[in-house]
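As structure tokens, the structure follows; a few thoughts come after it.
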Amino acid sequence: MSEAITIARPYAQAAFDEAQKQGDLKGWSDVLLAAAEAAANPEVAMLISSPRATGKQVEEVMRAVAGIKAGSAQDNFIRVLVENRRVAVLPEIAAIYEALRAEAEKALEVTVSSAFEVDEAQKSKIVDALTKRMNRKITLKCEIDKALIGGIVIRAGDQVIDGSVRTRLSEMANALA
């Protein structure tokens with residue numbers, strides 16, 4: 001896994017630099033995510049790794065699946081990946097690209113786990129508080145986790161804010177032991 005990330009990093013950086021130059025971060029993001037999803041598909045993965053498949057065939061499949069226009073910079077990027085036999089690391093390239101894009105756009109996807117459904121007013125309060133705290137545009141993704149008993153757990157990048165009842169009970173049990 002770490003080898004794939006090491007291989008993917010310069011490609012993701014190159015794609016990001018080109019997207020910034022073109023002013024099309026979202027367009028490149030869409031193409032890379034579609035291509036990464038295709039590369040992760042078992043049938044496409046077999047084609048990519050097949051010694052019988054020509055580079056042209058792999059290029060055509062990736063271009064068709066990702067909706068890439070022939071002759072575009074994105075088409076050239078896929079061609080370079082095919083020539084260097086790096087199509088299999090497209091999921092890692094897309095993930096690194098998305099991190100670079102989020103940093104450039106000062107955006108952060110935050111996951112909120114709660115024992116119960118989070119209503120719109122609560123979501124709005126969470127977004128406002130996190131926007132002030134982290135100085136970024138916050139996108140919420142909410143999950144329900146009944147094991148929390150109550151409260152919420154917020155995951156923002158590598159930060160975790162745990163306000164769950166489960167954790168509080170665990171802390172009390174440790175204090176009493």
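Identifiers in this document derive from the order of the structure tokens: chains are assigned A, B, ..., residues are numbered from 1 separately in each chain, and ligands are numbered from 1 in order of occurrence.
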Determine, counting only C-alpha atoms, which protein, DNA and RNA residues have an atom within 10 Å of an atom of range 160-162 of chain A; residues of the same chain fewer than 2 positions away are not included. Present the result as number ranges by chain. A: 110-113, 148, 151-158, 164-168
Arg79 in chain A environment, 12 Å, only C-alpha atoms, sequence neighbours closer than 3 positions dropped, as an mmCIF file with all heavy atoms, in the first residue's frame:
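In the end it all went to result27.cif:
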data_model
loop_
_atom_site.group_PDB
_atom_site.id
_atom_site.type_symbol
_atom_site.label_atom_id
_atom_site.label_comp_id
_atom_site.auth_asym_id
_atom_site.auth_seq_id
_atom_site.Cartn_x
_atom_site.Cartn_y
_atom_site.Cartn_z
ATOM 1 N N THR A 54 -3.093 -4.406 -25.214
ATOM 2 C CA THR A 54 -2.172 -3.374 -25.697
ATOM 3 C C THR A 54 -2.438 -2.069 -24.948
ATOM 4 O O THR A 54 -3.523 -1.877 -24.373
ATOM 5 C CB THR A 54 -2.355 -3.127 -27.206
ATOM 6 O OG1 THR A 54 -3.655 -2.562 -27.422
ATOM 7 C CG2 THR A 54 -2.168 -4.404 -28.007
ATOM 8 N N GLY A 55 -1.472 -1.186 -24.993
ATOM 9 C CA GLY A 55 -1.633 0.118 -24.372
ATOM 10 C C GLY A 55 -2.801 0.880 -24.957
ATOM 11 O O GLY A 55 -3.539 1.553 -24.248
ATOM 12 N N LYS A 56 -2.985 0.754 -26.274
ATOM 13 C CA LYS A 56 -4.104 1.436 -26.945
ATOM 14 C C LYS A 56 -5.441 0.949 -26.402
ATOM 15 O O LYS A 56 -6.361 1.739 -26.191
ATOM 16 C CB LYS A 56 -4.043 1.201 -28.458
ATOM 17 C CG LYS A 56 -3.126 2.143 -29.163
ATOM 18 C CD LYS A 56 -3.767 3.514 -29.228
ATOM 19 C CE LYS A 56 -2.944 4.427 -30.109
ATOM 20 N NZ LYS A 56 -3.009 5.807 -29.671
ATOM 21 N N GLN A 57 -5.556 -0.365 -26.191
ATOM 22 C CA GLN A 57 -6.814 -0.917 -25.679
ATOM 23 C C GLN A 57 -7.100 -0.386 -24.277
ATOM 24 O O GLN A 57 -8.231 0.009 -23.979
ATOM 25 C CB GLN A 57 -6.743 -2.448 -25.655
ATOM 26 C CG GLN A 57 -6.761 -3.092 -27.020
ATOM 27 C CD GLN A 57 -6.493 -4.588 -26.958
ATOM 28 O OE1 GLN A 57 -5.717 -5.053 -26.121
ATOM 29 N NE2 GLN A 57 -7.119 -5.335 -27.847
ATOM 30 N N VAL A 58 -6.081 -0.375 -23.435
ATOM 31 C CA VAL A 58 -6.267 0.130 -22.071
ATOM 32 C C VAL A 58 -6.626 1.610 -22.111
ATOM 33 O O VAL A 58 -7.535 2.057 -21.401
ATOM 34 C CB VAL A 58 -5.003 -0.117 -21.215
ATOM 35 C CG1 VAL A 58 -5.142 0.528 -19.837
ATOM 36 C CG2 VAL A 58 -4.722 -1.610 -21.078
ATOM 37 N N GLU A 59 -5.936 2.374 -22.953
ATOM 38 C CA GLU A 59 -6.240 3.801 -23.109
ATOM 39 C C GLU A 59 -7.689 4.013 -23.521
ATOM 40 O O GLU A 59 -8.385 4.867 -22.957
ATOM 41 C CB GLU A 59 -5.350 4.426 -24.194
ATOM 42 C CG GLU A 59 -4.054 4.964 -23.716
ATOM 43 C CD GLU A 59 -3.286 5.612 -24.852
ATOM 44 O OE1 GLU A 59 -3.786 6.591 -25.447
ATOM 45 O OE2 GLU A 59 -2.180 5.123 -25.145
ATOM 46 N N GLU A 60 -8.137 3.269 -24.521
ATOM 47 C CA GLU A 60 -9.502 3.422 -25.025
ATOM 48 C C GLU A 60 -10.534 3.114 -23.948
ATOM 49 O O GLU A 60 -11.525 3.827 -23.812
ATOM 50 C CB GLU A 60 -9.715 2.537 -26.252
ATOM 51 C CG GLU A 60 -8.998 3.041 -27.485
ATOM 52 C CD GLU A 60 -9.072 2.071 -28.656
ATOM 53 O OE1 GLU A 60 -9.906 1.135 -28.604
ATOM 54 O OE2 GLU A 60 -8.301 2.252 -29.608
ATOM 55 N N VAL A 61 -10.297 2.047 -23.186
ATOM 56 C CA VAL A 61 -11.229 1.684 -22.116
ATOM 57 C C VAL A 61 -11.263 2.776 -21.057
ATOM 58 O O VAL A 61 -12.338 3.221 -20.638
ATOM 59 C CB VAL A 61 -10.841 0.319 -21.485
ATOM 60 C CG1 VAL A 61 -11.588 0.083 -20.188
ATOM 61 C CG2 VAL A 61 -11.115 -0.808 -22.466
ATOM 62 N N MET A 62 -10.099 3.237 -20.637
ATOM 63 C CA MET A 62 -10.046 4.272 -19.599
ATOM 64 C C MET A 62 -10.664 5.571 -20.090
ATOM 65 O O MET A 62 -11.389 6.250 -19.354
ATOM 66 C CB MET A 62 -8.600 4.501 -19.141
ATOM 67 C CG MET A 62 -7.963 3.309 -18.463
ATOM 68 S SD MET A 62 -8.922 2.645 -17.083
ATOM 69 C CE MET A 62 -8.840 3.997 -15.948
ATOM 70 N N ARG A 63 -10.408 5.933 -21.330
ATOM 71 C CA ARG A 63 -10.966 7.158 -21.908
ATOM 72 C C ARG A 63 -12.493 7.063 -21.952
ATOM 73 O O ARG A 63 -13.187 8.010 -21.604
ATOM 74 C CB ARG A 63 -10.406 7.376 -23.314
ATOM 75 C CG ARG A 63 -10.719 8.738 -23.885
ATOM 76 C CD ARG A 63 -10.137 8.955 -25.282
ATOM 77 N NE ARG A 63 -8.692 8.775 -25.313
ATOM 78 C CZ ARG A 63 -8.062 7.932 -26.153
ATOM 79 N NH1 ARG A 63 -8.742 7.213 -27.026
ATOM 80 N NH2 ARG A 63 -6.760 7.824 -26.132
ATOM 81 N N ILE A 68 -13.279 10.980 -21.026
ATOM 82 C CA ILE A 68 -12.193 11.898 -21.361
ATOM 83 C C ILE A 68 -12.238 12.214 -22.856
ATOM 84 O O ILE A 68 -12.372 11.325 -23.684
ATOM 85 C CB ILE A 68 -10.828 11.274 -20.993
ATOM 86 C CG1 ILE A 68 -10.771 11.002 -19.495
ATOM 87 C CG2 ILE A 68 -9.684 12.155 -21.429
ATOM 88 C CD1 ILE A 68 -9.580 10.194 -19.072
ATOM 89 N N ALA A 70 -10.621 13.087 -26.345
ATOM 90 C CA ALA A 70 -9.346 12.810 -27.010
ATOM 91 C C ALA A 70 -8.598 14.112 -27.241
ATOM 92 O O ALA A 70 -9.196 15.129 -27.596
ATOM 93 C CB ALA A 70 -9.587 12.085 -28.333
ATOM 94 N N GLY A 71 -7.299 14.095 -27.005
ATOM 95 C CA GLY A 71 -6.469 15.263 -27.232
ATOM 96 C C GLY A 71 -6.403 16.231 -26.062
ATOM 97 O O GLY A 71 -5.661 17.203 -26.106
ATOM 98 N N SER A 72 -7.158 15.990 -25.012
ATOM 99 C CA SER A 72 -7.134 16.885 -23.856
ATOM 100 C C SER A 72 -5.939 16.560 -22.961
ATOM 101 O O SER A 72 -5.277 15.532 -23.122
ATOM 102 C CB SER A 72 -8.430 16.750 -23.051
ATOM 103 O OG SER A 72 -8.481 15.474 -22.428
ATOM 104 N N ALA A 73 -5.674 17.433 -22.006
ATOM 105 C CA ALA A 73 -4.585 17.190 -21.055
ATOM 106 C C ALA A 73 -4.884 15.949 -20.208
ATOM 107 O O ALA A 73 -3.972 15.199 -19.853
ATOM 108 C CB ALA A 73 -4.391 18.412 -20.158
ATOM 109 N N GLN A 74 -6.152 15.722 -19.918
ATOM 110 C CA GLN A 74 -6.540 14.534 -19.145
ATOM 111 C C GLN A 74 -6.281 13.267 -19.954
ATOM 112 O O GLN A 74 -5.838 12.259 -19.411
ATOM 113 C CB GLN A 74 -8.008 14.637 -18.729
ATOM 114 C CG GLN A 74 -8.234 15.793 -17.783
ATOM 115 C CD GLN A 74 -9.624 16.373 -17.881
ATOM 116 O OE1 GLN A 74 -10.292 16.230 -18.903
ATOM 117 N NE2 GLN A 74 -10.060 17.048 -16.833
ATOM 118 N N ASP A 75 -6.535 13.331 -21.244
ATOM 119 C CA ASP A 75 -6.254 12.209 -22.139
ATOM 120 C C ASP A 75 -4.760 11.922 -22.146
ATOM 121 O O ASP A 75 -4.334 10.766 -22.064
ATOM 122 C CB ASP A 75 -6.756 12.524 -23.544
ATOM 123 C CG ASP A 75 -6.567 11.385 -24.515
ATOM 124 O OD1 ASP A 75 -6.760 10.218 -24.112
ATOM 125 O OD2 ASP A 75 -6.216 11.648 -25.675
ATOM 126 N N ASN A 76 -3.961 12.955 -22.218
ATOM 127 C CA ASN A 76 -2.513 12.812 -22.193
ATOM 128 C C ASN A 76 -2.056 12.202 -20.869
ATOM 129 O O ASN A 76 -1.159 11.352 -20.837
ATOM 130 C CB ASN A 76 -1.829 14.167 -22.420
ATOM 131 C CG ASN A 76 -0.342 14.038 -22.562
ATOM 132 O OD1 ASN A 76 0.150 13.170 -23.286
ATOM 133 N ND2 ASN A 76 0.382 14.890 -21.867
ATOM 134 N N VAL A 82 -0.743 4.846 -18.758
ATOM 135 C CA VAL A 82 -0.753 3.572 -19.477
ATOM 136 C C VAL A 82 0.661 3.216 -19.935
ATOM 137 O O VAL A 82 1.113 2.081 -19.746
ATOM 138 C CB VAL A 82 -1.729 3.618 -20.675
ATOM 139 C CG1 VAL A 82 -1.573 2.388 -21.559
ATOM 140 C CG2 VAL A 82 -3.174 3.730 -20.177
ATOM 141 N N GLU A 83 1.366 4.189 -20.510
ATOM 142 C CA GLU A 83 2.726 3.930 -20.993
ATOM 143 C C GLU A 83 3.657 3.484 -19.873
ATOM 144 O O GLU A 83 4.511 2.629 -20.071
ATOM 145 C CB GLU A 83 3.308 5.191 -21.646
ATOM 146 C CG GLU A 83 2.736 5.501 -23.003
ATOM 147 C CD GLU A 83 3.233 6.831 -23.559
ATOM 148 O OE1 GLU A 83 4.062 7.509 -22.906
ATOM 149 O OE2 GLU A 83 2.778 7.193 -24.658
ATOM 150 N N ASN A 84 3.470 4.061 -18.688
ATOM 151 C CA ASN A 84 4.326 3.736 -17.551
ATOM 152 C C ASN A 84 3.763 2.609 -16.683
ATOM 153 O O ASN A 84 4.305 2.330 -15.618
ATOM 154 C CB ASN A 84 4.571 4.978 -16.699
ATOM 155 C CG ASN A 84 5.382 6.010 -17.441
ATOM 156 O OD1 ASN A 84 6.383 5.685 -18.076
ATOM 157 N ND2 ASN A 84 4.950 7.251 -17.383
ATOM 158 N N ARG A 85 2.666 2.000 -17.160
ATOM 159 C CA ARG A 85 2.011 0.890 -16.459
ATOM 160 C C ARG A 85 1.662 1.267 -15.014
ATOM 161 O O ARG A 85 1.938 0.544 -14.071
ATOM 162 C CB ARG A 85 2.866 -0.363 -16.519
ATOM 163 C CG ARG A 85 3.250 -0.708 -17.954
ATOM 164 C CD ARG A 85 3.542 -2.107 -18.344
ATOM 165 N NE ARG A 85 2.777 -3.215 -17.896
ATOM 166 C CZ ARG A 85 1.652 -3.667 -18.464
ATOM 167 N NH1 ARG A 85 1.136 -3.040 -19.481
ATOM 168 N NH2 ARG A 85 1.057 -4.733 -18.001
ATOM 169 N N ARG A 86 1.032 2.433 -14.883
ATOM 170 C CA ARG A 86 0.646 2.959 -13.569
ATOM 171 C C ARG A 86 -0.868 3.122 -13.419
ATOM 172 O O ARG A 86 -1.322 3.734 -12.460
ATOM 173 C CB ARG A 86 1.309 4.312 -13.307
ATOM 174 C CG ARG A 86 2.812 4.293 -13.332
ATOM 175 C CD ARG A 86 3.359 3.452 -12.215
ATOM 176 N NE ARG A 86 4.789 3.637 -12.088
ATOM 177 C CZ ARG A 86 5.615 2.676 -11.735
ATOM 178 N NH1 ARG A 86 5.162 1.466 -11.480
ATOM 179 N NH2 ARG A 86 6.902 2.916 -11.619
ATOM 180 N N VAL A 87 -1.626 2.561 -14.322
ATOM 181 C CA VAL A 87 -3.093 2.706 -14.262
ATOM 182 C C VAL A 87 -3.655 2.068 -12.991
ATOM 183 O O VAL A 87 -4.617 2.560 -12.412
ATOM 184 C CB VAL A 87 -3.757 2.104 -15.523
ATOM 185 C CG1 VAL A 87 -5.266 2.166 -15.437
ATOM 186 C CG2 VAL A 87 -3.270 2.829 -16.768
#
DSSP on the backbone: what in range 39-118 of chain A comes out strand (DSSP E or B), as a PyMOL selection string? chain A and resi 107-114
With distances taken over only C-alpha atoms, which residue among A:Ser49, A:Lys132, A:Leu81, A:Glu98 lies nearest Leu33 in chain A?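 Nearest to Leu33 in chain A: A:Glu98.
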Have a look at A:Ala38, A:Ile48, A:Met134, A:Ile7 and name the one nearest to Glu103 in chain A; count only C-alpha atoms.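 Of all the options, A:Met134 lies closest to Glu103 in chain A.
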In terms of the shortest atom-to-atom distance over only C-alpha atoms, which of A:Glu171, A:Phe116, A:Tyr97, A:Leu108 is closest to Arg9 in chain A?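 Looking only at the distances to Arg9 in chain A, the closest residue turns out to be A:Tyr97.
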To one decimal place in Å, what is the distance between CA of Asp128 in chain A and CA of Ala107 in chain A? 13.4 Å
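If only C-alpha atoms are the atoms counted, then among A:Arg101, A:Ala147, A:Val89, A:Asn135 the closest residue to Glu18 in chain A is A:Arg101.
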Can you work out the spacing between CA of Asp119 in chain A and CA of Lys146 in chain A in Å, to one decimal? 16.2 Å
So the first atom is CA of Ser29 in chain A and the second is CA of Ile144 in chain A; what is the distance between them in Å, to one decimal place?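 Distance reported for this atom pair: 28.2 Å.
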Where does DSSP see helix (DSSP H, G or I) in range 80-127 of chain A, if you list the residues as a PyMOL selection string? chain A and resi 80-83+87-104+120-127
Got a sec: who's within 12 Å of Asn41 in chain A, counting only C-alpha atoms, leaving out chain neighbours fewer than 2 positions off, as an MDAnalysis selection string? chainID A and resid 34:39 43:48 61:62 65 87:88 90:91
